[in-house]
Each structure stands twice: as C-alpha cells, then as structure tokens.
Amino acid sequence: MEKSRPHVILSGAISVDGKIATKTNDSKLSSQKDIQRLHKLRSSVDAILIGKNTASRDNPLLTVRHVKGKNPIRIVLDSKGTISKTSKILQSSNKVPTIIAISKKITKKNLEKLEKFPVEIISTGNDSVNLKLLLKKLSKKKIKTILVEGGGTVNWEFVKHNLFDEMILTISPYLLGGEDSISYLRGTGFSRISHSPNLRLKSVKRLKNHLVLHYVKL
Ligand SMILES: NC(=O)C1=CN([C@@H]2O[C@H](COP(=O)(O)OP(=O)(O)OC[C@H]3O[C@@H](n4cnc5c(N)ncnc54)[C@H](O)[C@@H]3O)[C@@H](O)[C@H]2O)C=CC1
Ligand SMILES: Nc1nc(O)c(N)c(N[C@@H]2O[C@H](COP(=O)(O)O)[C@@H](O)[C@H]2O)n1
C-alpha cells in the first residue's frame with residue numbers, strides 16, 4: 001500500500017542559542033565540512049523543500065554541488081507565487097526539476113509569471129499551502145523522502161502538524177542573540193513541554209567545533 005505521506009527529514013544549522021539567521025539575514029552557520037555532509041544528504045533524498053522567505057532572502061540553488069550525486073526535486077512553498085523571476089531557483093528550473101506549491105491566494109499575474117518557467121505548479125489550501133494535502137500529492141508522484149531546509153516558519157509548521165520523522169541539526173559555535181534574529185522554530189510555539197514531539201537522539205557527530213545531532217521522532 002502507498003504511504004500517505006513521504007518520509008520527512010528536517011534539516012538546518014543553528015547557533016548555540018537556537019537561531020538560524022541574524023536580523024540582517026546572515027544565515028551561513030555551517031562549516032565547509034558540514035556543507036559537504038548536507039550535500040551528501042541532499043543527494044540521498046527525492047526532494048528538498050523550503051519556504052518563500054528562504055527562497056527570496058537566501059536566493060539558494062538547492063542542488064548537490066560539493067559531492068557527486070543527483071539533484072533532488074526542489075519544492076518552494078509560495079502561496080501567492082511571489083518568488084522573483086530572477087531567482088536562482090526559477091532561472092535554473094530548466095535544469096533542475098522544480099515544484100512551486102501555491103494556494104488559492106495566488107494572483108493571476110503571479111500565476112502567469114510562474115507558467116513561463118518549466119516548473120510544476122501544485123495548488124493546495126485557501127490561504128497558505130495545505131501541507132498535509134501537498135504531501136499526499138507528492139507521495140502520489142513517487143516522492144518518498146523530503147528534506148525540509150527551513151526557514152523557521154516552515155520548520156514550525158512541520159513540527160506543529162507532526163509531519164516529520166527525523167531531524168538533523170547542526171549546532172554551530174556562534175551566539176547570535178536578539179529578539180529579531182530568526183529562531184529554528186517560529187510560529188506560536190507549544191504552550192507546554194508535554195505538547196512537544198518526543199525525540200530520540202540517534203547519533204552525534206563532531207566536526208571540530210560544530211555538532212551534528214541526528215534525532216528520530218518517537
Ligand atoms: N541556518 C539555516 O539552517 C537556515 C536559515 N534560514 C533562514 O530562515 C529565514 C527565513 O525563515 P522565515 O522568515 O521563517 O520564512 P520561511 O522560509 O519559513 O518561509 C515562510 C513563508 O513560506 C510561505 N508558506 C506557504 N505555505 C506555508 C505553510 N503551509 N507553512 C509555512 N510557510 C508557508 C509563506 O509565504 C511563509 O511566510 C531566512 O533568514 C533564512 O536565511 C533558512 C533555512 C535554513
Ligand atoms: N544546513 C544548513 N546550514 C546552513 O548554515 C545554512 N545556511 C543552510 N541553509 C539552507 O541551505 C540553502 C542554501 O542552499 P544552496 O547553497 O544555495 O544550495 C538555504 O536557502 C537554506 O535552505 N542549511
């Protein structure tokens with residue numbers, strides 16, 4: 001029987017105080033060795049998923065470059081279809097398979113913009129993208145594993161809706177502080193510790209002063 005959703009791995013790098021970016025959007029926390037590890041992980045999954053803010057602020061490529069391996073499908077959650085036509089993701093969509101996940105909130109103009117690129121557009125949800133429905137649709141497309149690479153809003157939505165299976169988190173040796181810097185999990189947060197998912201620490205890898213923690217959700 002087909003699984004109702006793909007296997008979801010949350011991935012990211014945080015400072016020791018749990019931030020993924022400064023208030024000015026500096027997010028390069030991982031070391032070169034850690035980036036190599038990440039790219040190996042990327043090459044082992046069917047798809048990488050990010051949120052619209054990460055797409056616009058980091059302007060990532062989301063490919064496998066630092067090791068040999070295949071590029072996964074890229075998925076951007078972009079309810080209103082506001083991703084820039086000059087973004088690396090859209091500009092490289094003729095080379096790397098790309099899905100833009102939109103909702104009914106998209107404007108005609110933005111839909112027409114997206115349709116000019118060789119991307120697949122999947123619509124779910126009235127307001128923001130309906131993650132459960134999106135995952136179900138991705139499962140039907142034989143996408144079995146997804147690496148969620150943030151940012152904080154997207155990470156929170158996957159945790160809040162209990163839509164993940166594993167989490168691989170790098171703790172980088174920095175202290176960023178600040179109310180306005182970006183936490184690994186944004187959103188409303190849980191009001192009780194007992195509401196948190198329970199995690200089993202599967203492994204810890206030390207890369208000089210960086211720690212890579214691998215958790216499995218119980
Ligand atoms: N250090 C790290 O590992 C990473 C750091 N970052 C940083 O995170 C920051 C961006 O994080 P955020 O501002 O929180 O934005 P985000 O990247 O999580 O994107 C959130 C946006 O995605 C769209 N979206 C549509 N449907 C959604 C749904 N169902 N759930 C959630 N989002 C949905 C919405 O427009 C929403 O505002 C950037 O500064 C980036 O540099 C991002 C990834 C990794
Ligand atoms: N694991 C990890 N460590 C960091 O330090 C990061 N800043 C990120 N960010 C994620 O990687 C994307 C950049 O990908 P490309 O190098 O452009 O392929 C970025 O957008 C985040 O999703 N991850």
# chains A, B, ... in the order shown; residues from 1 in each chain; ligands from 1
$ closest_atom_pairs --of "chain A" --to "ligand 1" --cutoff "6 Å" --atoms "only C-alpha atoms and all ligand atoms" --output "CSV"
residue,atom,partner,partner_atom_place_in_ligand_line,distance
A:Gly12,CA,ligand 1,3 (O),3.4
A:Ala13,CA,ligand 1,3 (O),3.8
A:Ile14,CA,ligand 1,1 (N),5.6
A:Ile20,CA,ligand 1,1 (N),3.8
A:Ala21,CA,ligand 1,39 (O),5.1
A:Asn25,CA,ligand 1,39 (O),4.4
A:Ser27,CA,ligand 1,41 (O),4.7
A:Leu29,CA,ligand 1,1 (N),5.9
A:Ile50,CA,ligand 1,17 (O),5.9
A:Gly51,CA,ligand 1,19 (O),3.5
A:Lys52,CA,ligand 1,22 (O),4.2
A:Asn53,CA,ligand 1,17 (O),4.0
A:Thr54,CA,ligand 1,17 (O),3.7
A:Arg57,CA,ligand 1,38 (C),5.7
A:Asp58,CA,ligand 1,41 (O),5.3
A:Leu77,CA,ligand 1,25 (C),4.5
A:Asp78,CA,ligand 1,25 (C),4.8
A:Ser79,CA,ligand 1,25 (C),4.7
A:Ser128,CA,ligand 1,26 (N),4.1
A:Val129,CA,ligand 1,26 (N),3.9
A:Asn130,CA,ligand 1,29 (N),5.4
A:Leu131,CA,ligand 1,29 (N),5.3
A:Glu149,CA,ligand 1,43 (C),5.2
A:Gly150,CA,ligand 1,43 (C),3.9
A:Gly151,CA,ligand 1,18 (O),3.5
A:Gly152,CA,ligand 1,14 (O),3.7
A:Thr153,CA,ligand 1,18 (O),3.7
A:Val154,CA,ligand 1,31 (C),3.9
A:Glu157,CA,ligand 1,30 (N),5.2
$ select_by_dssp --residues "region 183-214 of chain A" --states "strand (DSSP E)" --output "list in words"
Ser183, Leu199, Arg200, Leu201, Lys202, Ser203, Val204, Lys205, Arg206, Leu207, His210, Leu211, Val212, Leu213 and His214 of chain A
$ write_last_selection --atoms "N, CA and C atoms" --output "short mmCIF file (atom, residue, chain, number, x, y, z; two decimals), in the first residue's frame"
data_model
loop_
_atom_site.label_atom_id
_atom_site.label_comp_id
_atom_site.auth_asym_id
_atom_site.auth_seq_id
_atom_site.Cartn_x
_atom_site.Cartn_y
_atom_site.Cartn_z
N SER A 183 14.60 32.29 14.83
CA SER A 183 14.73 31.02 15.57
C SER A 183 14.48 29.85 14.64
N LEU A 199 11.75 13.13 21.00
CA LEU A 199 12.82 12.80 20.06
C LEU A 199 13.82 11.84 20.69
N ARG A 200 14.29 10.90 19.88
CA ARG A 200 15.37 10.01 20.35
C ARG A 200 16.65 10.44 19.64
N LEU A 201 17.70 10.66 20.45
CA LEU A 201 18.98 11.06 19.86
C LEU A 201 19.65 9.82 19.27
N LYS A 202 19.73 9.78 17.95
CA LYS A 202 20.26 8.59 17.27
C LYS A 202 21.78 8.64 17.17
N SER A 203 22.31 9.83 16.86
CA SER A 203 23.78 9.93 16.78
C SER A 203 24.23 11.37 16.96
N VAL A 204 25.49 11.51 17.36
CA VAL A 204 26.11 12.84 17.48
C VAL A 204 27.44 12.75 16.74
N LYS A 205 27.65 13.70 15.83
CA LYS A 205 28.91 13.70 15.09
C LYS A 205 29.59 15.04 15.35
N ARG A 206 30.87 14.96 15.69
CA ARG A 206 31.59 16.21 15.93
C ARG A 206 32.41 16.59 14.70
N LEU A 207 32.21 17.81 14.20
CA LEU A 207 33.02 18.32 13.10
C LEU A 207 33.76 19.54 13.66
N HIS A 210 31.71 22.16 15.52
CA HIS A 210 30.30 22.02 15.14
C HIS A 210 29.82 20.63 15.56
N LEU A 211 28.58 20.54 15.99
CA LEU A 211 28.00 19.24 16.37
C LEU A 211 26.83 18.94 15.46
N VAL A 212 26.78 17.74 14.92
CA VAL A 212 25.63 17.35 14.08
C VAL A 212 24.80 16.35 14.88
N LEU A 213 23.60 16.78 15.24
CA LEU A 213 22.71 15.93 16.04
C LEU A 213 21.67 15.30 15.13
N HIS A 214 21.54 13.98 15.25
CA HIS A 214 20.55 13.28 14.43
C HIS A 214 19.48 12.71 15.37
#
$ atom_distance --atom1 "CA of Ile182 (chain A)" --atom2 "CA of Arg5 (chain A)"
28.2 Å
$ closest_residue --among "A:Ile143, A:Leu134, A:Val96, A:Leu169" --to "ligand 2" --atoms "only C-alpha atoms and all ligand atoms"
A:Leu169
$ residues_around --residues "Met167 (chain A)" --least-positions-apart "4" --cutoff "8 Å" --atoms "only C-alpha atoms" --output "PDB file with N, CA and C atoms, in the first residue's frame"
ATOM      1  N   ILE A   9      12.478  14.648   6.619  1.00  0.00           N
ATOM      2  CA  ILE A   9      13.650  14.914   7.469  1.00  0.00           C
ATOM      3  C   ILE A   9      13.808  16.432   7.579  1.00  0.00           C
ATOM      4  N   LEU A  10      13.781  16.943   8.798  1.00  0.00           N
ATOM      5  CA  LEU A  10      14.028  18.374   8.992  1.00  0.00           C
ATOM      6  C   LEU A  10      15.541  18.579   9.091  1.00  0.00           C
ATOM      7  N   SER A  11      16.028  19.629   8.437  1.00  0.00           N
ATOM      8  CA  SER A  11      17.476  19.860   8.437  1.00  0.00           C
ATOM      9  C   SER A  11      17.783  21.341   8.572  1.00  0.00           C
ATOM     10  N   LEU A 213      23.600  16.779  15.236  1.00  0.00           N
ATOM     11  CA  LEU A 213      22.714  15.932  16.042  1.00  0.00           C
ATOM     12  C   LEU A 213      21.669  15.298  15.131  1.00  0.00           C
ATOM     13  N   HIS A 214      21.540  13.985  15.247  1.00  0.00           N
ATOM     14  CA  HIS A 214      20.551  13.283  14.432  1.00  0.00           C
ATOM     15  C   HIS A 214      19.480  12.714  15.371  1.00  0.00           C
ATOM     16  N   TYR A 215      18.272  13.210  15.242  1.00  0.00           N
ATOM     17  CA  TYR A 215      17.153  12.758  16.072  1.00  0.00           C
ATOM     18  C   TYR A 215      16.138  11.991  15.225  1.00  0.00           C
ATOM     19  N   VAL A 216      15.500  11.046  15.884  1.00  0.00           N
ATOM     20  CA  VAL A 216      14.388  10.330  15.254  1.00  0.00           C
ATOM     21  C   VAL A 216      13.159  10.619  16.110  1.00  0.00           C
ATOM     22  N   LYS A 217      12.054  10.900  15.486  1.00  0.00           N
ATOM     23  CA  LYS A 217      10.838  11.176  16.269  1.00  0.00           C
ATOM     24  C   LYS A 217      10.239   9.862  16.777  1.00  0.00           C
TER      25      LYS A 217
END
$ residues_around --residues "Val64 (chain A)" --least-positions-apart "5" --cutoff "10 Å" --atoms "only C-alpha atoms" --output "number ranges by chain"
A: 36, 38-44, 69-72
$ closest_residue --among "A:Lys80, A:Lys19, A:Lys137, A:Lys116" --to "Lys104 (chain A)" --atoms "only C-alpha atoms"
A:Lys80
$ closest_residue --among "A:Asn110, A:Thr82, A:Thr145, A:Ser15" --to "Asp46 (chain A)" --atoms "only C-alpha atoms"
A:Thr145
$ closest_residue --among "A:Ile100, A:Ser172, A:Phe117, A:Lys109" --to "ligand 2" --atoms "only C-alpha atoms and all ligand atoms"
A:Ser172
$ select_by_dssp --residues "region 12-85 of chain A" --states "helix (DSSP H, G or I)" --output "PDB file with N, CA and C atoms, in the first residue's frame"
ATOM      1  N   GLN A  32      32.452  24.319   6.089  1.00  0.00           N
ATOM      2  CA  GLN A  32      32.570  23.687   4.781  1.00  0.00           C
ATOM      3  C   GLN A  32      32.338  22.175   4.876  1.00  0.00           C
ATOM      4  N   LYS A  33      32.887  21.571   5.946  1.00  0.00           N
ATOM      5  CA  LYS A  33      32.706  20.115   6.139  1.00  0.00           C
ATOM      6  C   LYS A  33      31.228  19.784   6.320  1.00  0.00           C
ATOM      7  N   ASP A  34      30.526  20.658   7.043  1.00  0.00           N
ATOM      8  CA  ASP A  34      29.103  20.413   7.287  1.00  0.00           C
ATOM      9  C   ASP A  34      28.295  20.577   6.000  1.00  0.00           C
ATOM     10  N   ILE A  35      28.699  21.535   5.184  1.00  0.00           N
ATOM     11  CA  ILE A  35      28.018  21.729   3.894  1.00  0.00           C
ATOM     12  C   ILE A  35      28.205  20.481   3.022  1.00  0.00           C
ATOM     13  N   GLN A  36      29.410  19.904   3.077  1.00  0.00           N
ATOM     14  CA  GLN A  36      29.640  18.656   2.310  1.00  0.00           C
ATOM     15  C   GLN A  36      28.714  17.548   2.803  1.00  0.00           C
ATOM     16  N   ARG A  37      28.582  17.463   4.133  1.00  0.00           N
ATOM     17  CA  ARG A  37      27.675  16.458   4.716  1.00  0.00           C
ATOM     18  C   ARG A  37      26.251  16.713   4.231  1.00  0.00           C
ATOM     19  N   LEU A  38      25.855  18.004   4.231  1.00  0.00           N
ATOM     20  CA  LEU A  38      24.500  18.357   3.795  1.00  0.00           C
ATOM     21  C   LEU A  38      24.274  17.956   2.334  1.00  0.00           C
ATOM     22  N   HIS A  39      25.264  18.216   1.506  1.00  0.00           N
ATOM     23  CA  HIS A  39      25.089  17.906   0.082  1.00  0.00           C
ATOM     24  C   HIS A  39      24.993  16.395  -0.153  1.00  0.00           C
ATOM     25  N   LYS A  40      25.708  15.613   0.669  1.00  0.00           N
ATOM     26  CA  LYS A  40      25.594  14.151   0.571  1.00  0.00           C
ATOM     27  C   LYS A  40      24.175  13.739   0.955  1.00  0.00           C
ATOM     28  N   LEU A  41      23.677  14.379   1.999  1.00  0.00           N
ATOM     29  CA  LEU A  41      22.298  14.092   2.441  1.00  0.00           C
ATOM     30  C   LEU A  41      21.307  14.485   1.345  1.00  0.00           C
ATOM     31  N   ARG A  42      21.506  15.671   0.758  1.00  0.00           N
ATOM     32  CA  ARG A  42      20.627  16.116  -0.343  1.00  0.00           C
ATOM     33  C   ARG A  42      20.566  15.063  -1.453  1.00  0.00           C
ATOM     34  N   SER A  43      21.752  14.499  -1.767  1.00  0.00           N
ATOM     35  CA  SER A  43      21.791  13.558  -2.898  1.00  0.00           C
ATOM     36  C   SER A  43      21.058  12.255  -2.582  1.00  0.00           C
ATOM     37  N   LYS A  52       9.013  30.382   1.141  1.00  0.00           N
ATOM     38  CA  LYS A  52       9.198  31.514   0.235  1.00  0.00           C
ATOM     39  C   LYS A  52      10.228  32.529   0.761  1.00  0.00           C
ATOM     40  N   ASN A  53      10.226  32.771   2.076  1.00  0.00           N
ATOM     41  CA  ASN A  53      11.171  33.765   2.606  1.00  0.00           C
ATOM     42  C   ASN A  53      12.613  33.306   2.425  1.00  0.00           C
ATOM     43  N   THR A  54      12.828  32.011   2.645  1.00  0.00           N
ATOM     44  CA  THR A  54      14.179  31.474   2.441  1.00  0.00           C
ATOM     45  C   THR A  54      14.553  31.601   0.967  1.00  0.00           C
ATOM     46  N   ALA A  55      13.590  31.330   0.098  1.00  0.00           N
ATOM     47  CA  ALA A  55      13.866  31.448  -1.342  1.00  0.00           C
ATOM     48  C   ALA A  55      14.237  32.887  -1.698  1.00  0.00           C
ATOM     49  N   SER A  56      13.541  33.864  -1.098  1.00  0.00           N
ATOM     50  CA  SER A  56      13.853  35.239  -1.501  1.00  0.00           C
ATOM     51  C   SER A  56      15.060  35.801  -0.742  1.00  0.00           C
ATOM     52  N   ARG A  57      15.214  35.443   0.537  1.00  0.00           N
ATOM     53  CA  ARG A  57      16.329  36.042   1.297  1.00  0.00           C
ATOM     54  C   ARG A  57      17.667  35.378   0.999  1.00  0.00           C
ATOM     55  N   ASP A  58      17.680  34.044   0.879  1.00  0.00           N
ATOM     56  CA  ASP A  58      18.960  33.347   0.638  1.00  0.00           C
ATOM     57  C   ASP A  58      19.255  33.220  -0.861  1.00  0.00           C
TER      58      ASP A  58
END
$ residues_around --residues "Glu115 (chain A)" --least-positions-apart "3" --cutoff "12 Å" --atoms "only C-alpha atoms" --output "list in words"
Gly81, Lys85, Leu90, Ser93, Ile99, Ile100, Lys108, Lys109, Asn110, Leu111, Glu112, Pro118, Val119, Glu120, Ile121 and Ile122 of chain A
$ write_last_selection --atoms "C-alpha atoms" --output "mmCIF file, in the first residue's frame"
data_model
loop_
_atom_site.group_PDB
_atom_site.id
_atom_site.type_symbol
_atom_site.label_atom_id
_atom_site.label_comp_id
_atom_site.auth_asym_id
_atom_site.auth_seq_id
_atom_site.Cartn_x
_atom_site.Cartn_y
_atom_site.Cartn_z
ATOM 1 C CA GLY A 81 3.616 32.911 -6.112
ATOM 2 C CA LYS A 85 11.610 35.617 -11.780
ATOM 3 C CA LEU A 90 13.387 29.836 -11.345
ATOM 4 C CA SER A 93 14.310 25.393 -13.477
ATOM 5 C CA ILE A 99 7.759 22.406 -7.911
ATOM 6 C CA ILE A 100 6.164 25.649 -6.752
ATOM 7 C CA LYS A 108 -3.446 35.862 -11.950
ATOM 8 C CA LYS A 109 -0.316 37.912 -12.654
ATOM 9 C CA ASN A 110 1.892 35.749 -10.433
ATOM 10 C CA LEU A 111 0.418 32.533 -11.841
ATOM 11 C CA GLU A 112 1.175 33.743 -15.362
ATOM 12 C CA PRO A 118 9.257 24.849 -16.763
ATOM 13 C CA VAL A 119 8.104 24.325 -13.178
ATOM 14 C CA GLU A 120 5.295 22.177 -11.878
ATOM 15 C CA ILE A 121 2.677 24.200 -10.018
ATOM 16 C CA ILE A 122 0.724 22.397 -7.306
#
$ residues_around --residues "Lys3 (chain A)" --least-positions-apart "3" --cutoff "9 Å" --atoms "only C-alpha atoms" --output "list of chain:residue names"
A:Pro6, A:His7, A:Lys136, A:Ser139, A:Lys140, A:Lys144
$ residues_around --residues "Leu133 (chain A)" --least-positions-apart "5" --cutoff "9 Å" --atoms "only C-alpha atoms" --output "list in words"
Arg5, Thr124, Gly125 and Leu138 of chain A
$ closest_residue --among "A:Ile106, A:Ile89, A:Val159, A:Leu175" --to "ligand 2" --atoms "only C-alpha atoms and all ligand atoms"
A:Ile89
$ closest_residue --among "A:Phe190, A:Tyr174, A:Tyr184, A:Trp156" --to "Val16 (chain A)" --atoms "only C-alpha atoms"
A:Tyr174
